[in-house]
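S.K.: Here it is, the structure in full.
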Amino acid sequence: MISTTCHCGAVTIEVARAPETLTNCNCSICRRYGTLWAYYQRSEVQVRAAPGATASYVWGDRMLRFVRCATCGCVTHWEPIAADGGERMGVNARNFDPAQLGAARIRRLDGAVTEQYLD
Ligand SMILES: [Zn+2]
């Protein structure tokens, strides 16, 4: 298990294991956030925050919620909005110390156009 927090410490993120790959997506939201996504099953991730300590953003087809710390603004993760929206979620690996990520390979995803990996 590895764990980290947002910059101010109001949100704690725990994941079951270090990611093997990270995704650098060029879609309109990911390029602005500067996120590096590690994908997990919901059961592998614990996000701990006091009520009201996070804020979220929804856009486009409204399938996902992007969650950030309401105090320091660090994007922590995205998750499906619908209860039946699937088990997959994305954790922003930028919140982890690089040493915690080990040798995870960074893959470039063309989320802007083709939804295909570029490697
Ligand atoms: Zn924070």
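Starting from 1 in every chain, residues are counted up; chains themselves are A, B, ... following the order of the structure tokens, and ligands are numbered from 1 as listed.
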Give me, as a ChimeraX atom specification, all polymer residues having an atom no more than 6 Å from range 41-48 of chain A, counting only C-alpha atoms and skipping those fewer than 2 positions away in the same chain.

M.R.: /A:11-16,87-88

S.K.: Store the residues of this selection in a file with N, CA, C and O atoms, as a compact mmCIF listing (two decimals), in the first residue's frame.

M.R.:
# COMPACT_ATOMS: atom_id res chain seq x y z
N VAL A 11 -6.60 16.04 2.18
CA VAL A 11 -7.08 14.84 1.51
C VAL A 11 -5.96 13.81 1.49
O VAL A 11 -4.84 14.11 1.08
N THR A 12 -6.27 12.62 1.97
CA THR A 12 -5.31 11.50 1.96
C THR A 12 -5.74 10.50 0.90
O THR A 12 -6.94 10.19 0.77
N ILE A 13 -4.79 10.00 0.15
CA ILE A 13 -5.05 9.02 -0.90
C ILE A 13 -4.19 7.79 -0.61
O ILE A 13 -2.98 7.92 -0.44
N GLU A 14 -4.84 6.63 -0.57
CA GLU A 14 -4.11 5.38 -0.40
C GLU A 14 -4.46 4.46 -1.56
O GLU A 14 -5.64 4.32 -1.90
N VAL A 15 -3.45 3.83 -2.12
CA VAL A 15 -3.69 2.85 -3.19
C VAL A 15 -3.03 1.54 -2.81
O VAL A 15 -2.07 1.49 -2.04
N ALA A 16 -3.57 0.47 -3.35
CA ALA A 16 -3.16 -0.87 -2.93
C ALA A 16 -1.70 -1.17 -3.28
O ALA A 16 -1.03 -1.92 -2.58
N GLU A 87 -16.07 0.02 -12.22
CA GLU A 87 -15.19 -0.05 -11.05
C GLU A 87 -13.87 0.69 -11.24
O GLU A 87 -13.07 0.78 -10.34
N ARG A 88 -13.66 1.21 -12.46
CA ARG A 88 -12.37 1.82 -12.74
C ARG A 88 -12.37 3.27 -12.29
O ARG A 88 -13.35 3.99 -12.45

S.K.: Give the helix (DSSP H, G or I) residues of range 15-106 of chain A, as DSSP finds them on the backbone, and put them as a VMD selection string.

M.R.: chain A and resid 30 to 33 42 to 44 93 to 95 98 to 101

S.K.: Give me the residues of chain A that have any atom at most 8 Å from an atom of ligand 1; for each, the nearest atom pair and the distance in Å, rounded to one decimal. Use only C-alpha atoms and all ligand atoms, sort by chain and number, and format it as a Markdown table.

M.R.:
| residue | atom | partner | partner_atom_place_in_ligand_line | distance |
| --- | --- | --- | --- | --- |
| A:Thr5 | CA | ligand 1 | 1 (Zn) | 7.4 |
| A:Cys6 | CA | ligand 1 | 1 (Zn) | 4.5 |
| A:His7 | CA | ligand 1 | 1 (Zn) | 5.0 |
| A:Cys8 | CA | ligand 1 | 1 (Zn) | 3.9 |
| A:Gly9 | CA | ligand 1 | 1 (Zn) | 5.2 |
| A:Ala10 | CA | ligand 1 | 1 (Zn) | 4.7 |
| A:Val11 | CA | ligand 1 | 1 (Zn) | 5.8 |
| A:Arg68 | CA | ligand 1 | 1 (Zn) | 7.8 |
| A:Cys69 | CA | ligand 1 | 1 (Zn) | 4.6 |
| A:Ala70 | CA | ligand 1 | 1 (Zn) | 6.6 |
| A:Thr71 | CA | ligand 1 | 1 (Zn) | 5.0 |
| A:Cys72 | CA | ligand 1 | 1 (Zn) | 4.1 |
| A:Gly73 | CA | ligand 1 | 1 (Zn) | 6.1 |
| A:Cys74 | CA | ligand 1 | 1 (Zn) | 6.1 |

S.K.: Restricted to N, CA, C and O atoms, what would the selected residues look like written as a short mmCIF file (atom, residue, chain, number, x, y, z; two decimals), in the first residue's frame?

M.R.:
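File written: again-v4.cif
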data_model
loop_
_atom_site.label_atom_id
_atom_site.label_comp_id
_atom_site.auth_asym_id
_atom_site.auth_seq_id
_atom_site.Cartn_x
_atom_site.Cartn_y
_atom_site.Cartn_z
N THR A 5 -0.84 12.60 0.27
CA THR A 5 -1.89 13.59 0.50
C THR A 5 -1.82 14.65 -0.60
O THR A 5 -0.85 14.72 -1.35
N CYS A 6 -2.85 15.47 -0.64
CA CYS A 6 -2.77 16.69 -1.44
C CYS A 6 -1.72 17.61 -0.79
O CYS A 6 -1.17 17.29 0.25
N HIS A 7 -1.49 18.76 -1.36
CA HIS A 7 -0.41 19.62 -0.86
C HIS A 7 -0.64 20.08 0.57
O HIS A 7 0.28 20.09 1.38
N CYS A 8 -1.86 20.44 0.91
CA CYS A 8 -2.13 20.97 2.26
C CYS A 8 -2.39 19.87 3.28
O CYS A 8 -2.40 20.14 4.48
N GLY A 9 -2.63 18.65 2.81
CA GLY A 9 -2.84 17.53 3.73
C GLY A 9 -4.29 17.25 4.08
O GLY A 9 -4.56 16.33 4.85
N ALA A 10 -5.22 18.00 3.53
CA ALA A 10 -6.64 17.79 3.87
C ALA A 10 -7.21 16.51 3.26
O ALA A 10 -8.19 15.98 3.76
N VAL A 11 -6.60 16.04 2.18
CA VAL A 11 -7.08 14.84 1.51
C VAL A 11 -5.96 13.81 1.49
O VAL A 11 -4.84 14.11 1.08
N ARG A 68 -10.93 17.40 -6.49
CA ARG A 68 -9.76 18.16 -6.05
C ARG A 68 -9.95 18.58 -4.60
O ARG A 68 -11.07 18.61 -4.09
N CYS A 69 -8.85 18.92 -3.96
CA CYS A 69 -8.91 19.46 -2.61
C CYS A 69 -9.53 20.85 -2.66
O CYS A 69 -9.11 21.69 -3.47
N ALA A 70 -10.49 21.11 -1.79
CA ALA A 70 -11.15 22.42 -1.79
C ALA A 70 -10.25 23.51 -1.24
O ALA A 70 -10.50 24.69 -1.44
N THR A 71 -9.19 23.12 -0.53
CA THR A 71 -8.29 24.13 0.05
C THR A 71 -7.12 24.44 -0.89
O THR A 71 -6.92 25.58 -1.27
N CYS A 72 -6.35 23.42 -1.24
CA CYS A 72 -5.13 23.69 -2.01
C CYS A 72 -5.33 23.48 -3.51
O CYS A 72 -4.47 23.87 -4.30
N GLY A 73 -6.43 22.87 -3.91
CA GLY A 73 -6.74 22.75 -5.34
C GLY A 73 -6.11 21.57 -6.05
O GLY A 73 -6.36 21.38 -7.24
N CYS A 74 -5.30 20.78 -5.36
CA CYS A 74 -4.66 19.64 -6.03
C CYS A 74 -5.72 18.64 -6.48
O CYS A 74 -6.57 18.21 -5.68
#

S.K.: Enter the distance from CA of Arg94 in chain A to CA of Ala38 in chain A, in Å, rounded to one decimal.

M.R.: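 Straight-line distance from CA of Arg94 in chain A to CA of Ala38 in chain A works out to 9.5 Å.
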
S.K.: Quick one: residues within 10 Å of range 96-110 of chain A, only C-alpha atoms, excluding same-chain residues fewer than 3 positions away - as a ChimeraX atom specification?

M.R.: /A:2-6,13,17-27,36-38,91-93,113-119

S.K.: One number please: CA of Ile81 in chain A to CA of Met1 in chain A, in Å, one decimal.

M.R.: 25.3 Å

S.K.: Using Å and a single decimal, report how far CA of Met63 in chain A sits from CA of Glu79 in chain A.

M.R.: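 Taking CA of Glu79 in chain A and CA of Met63 in chain A, their separation equals 8.6 Å.
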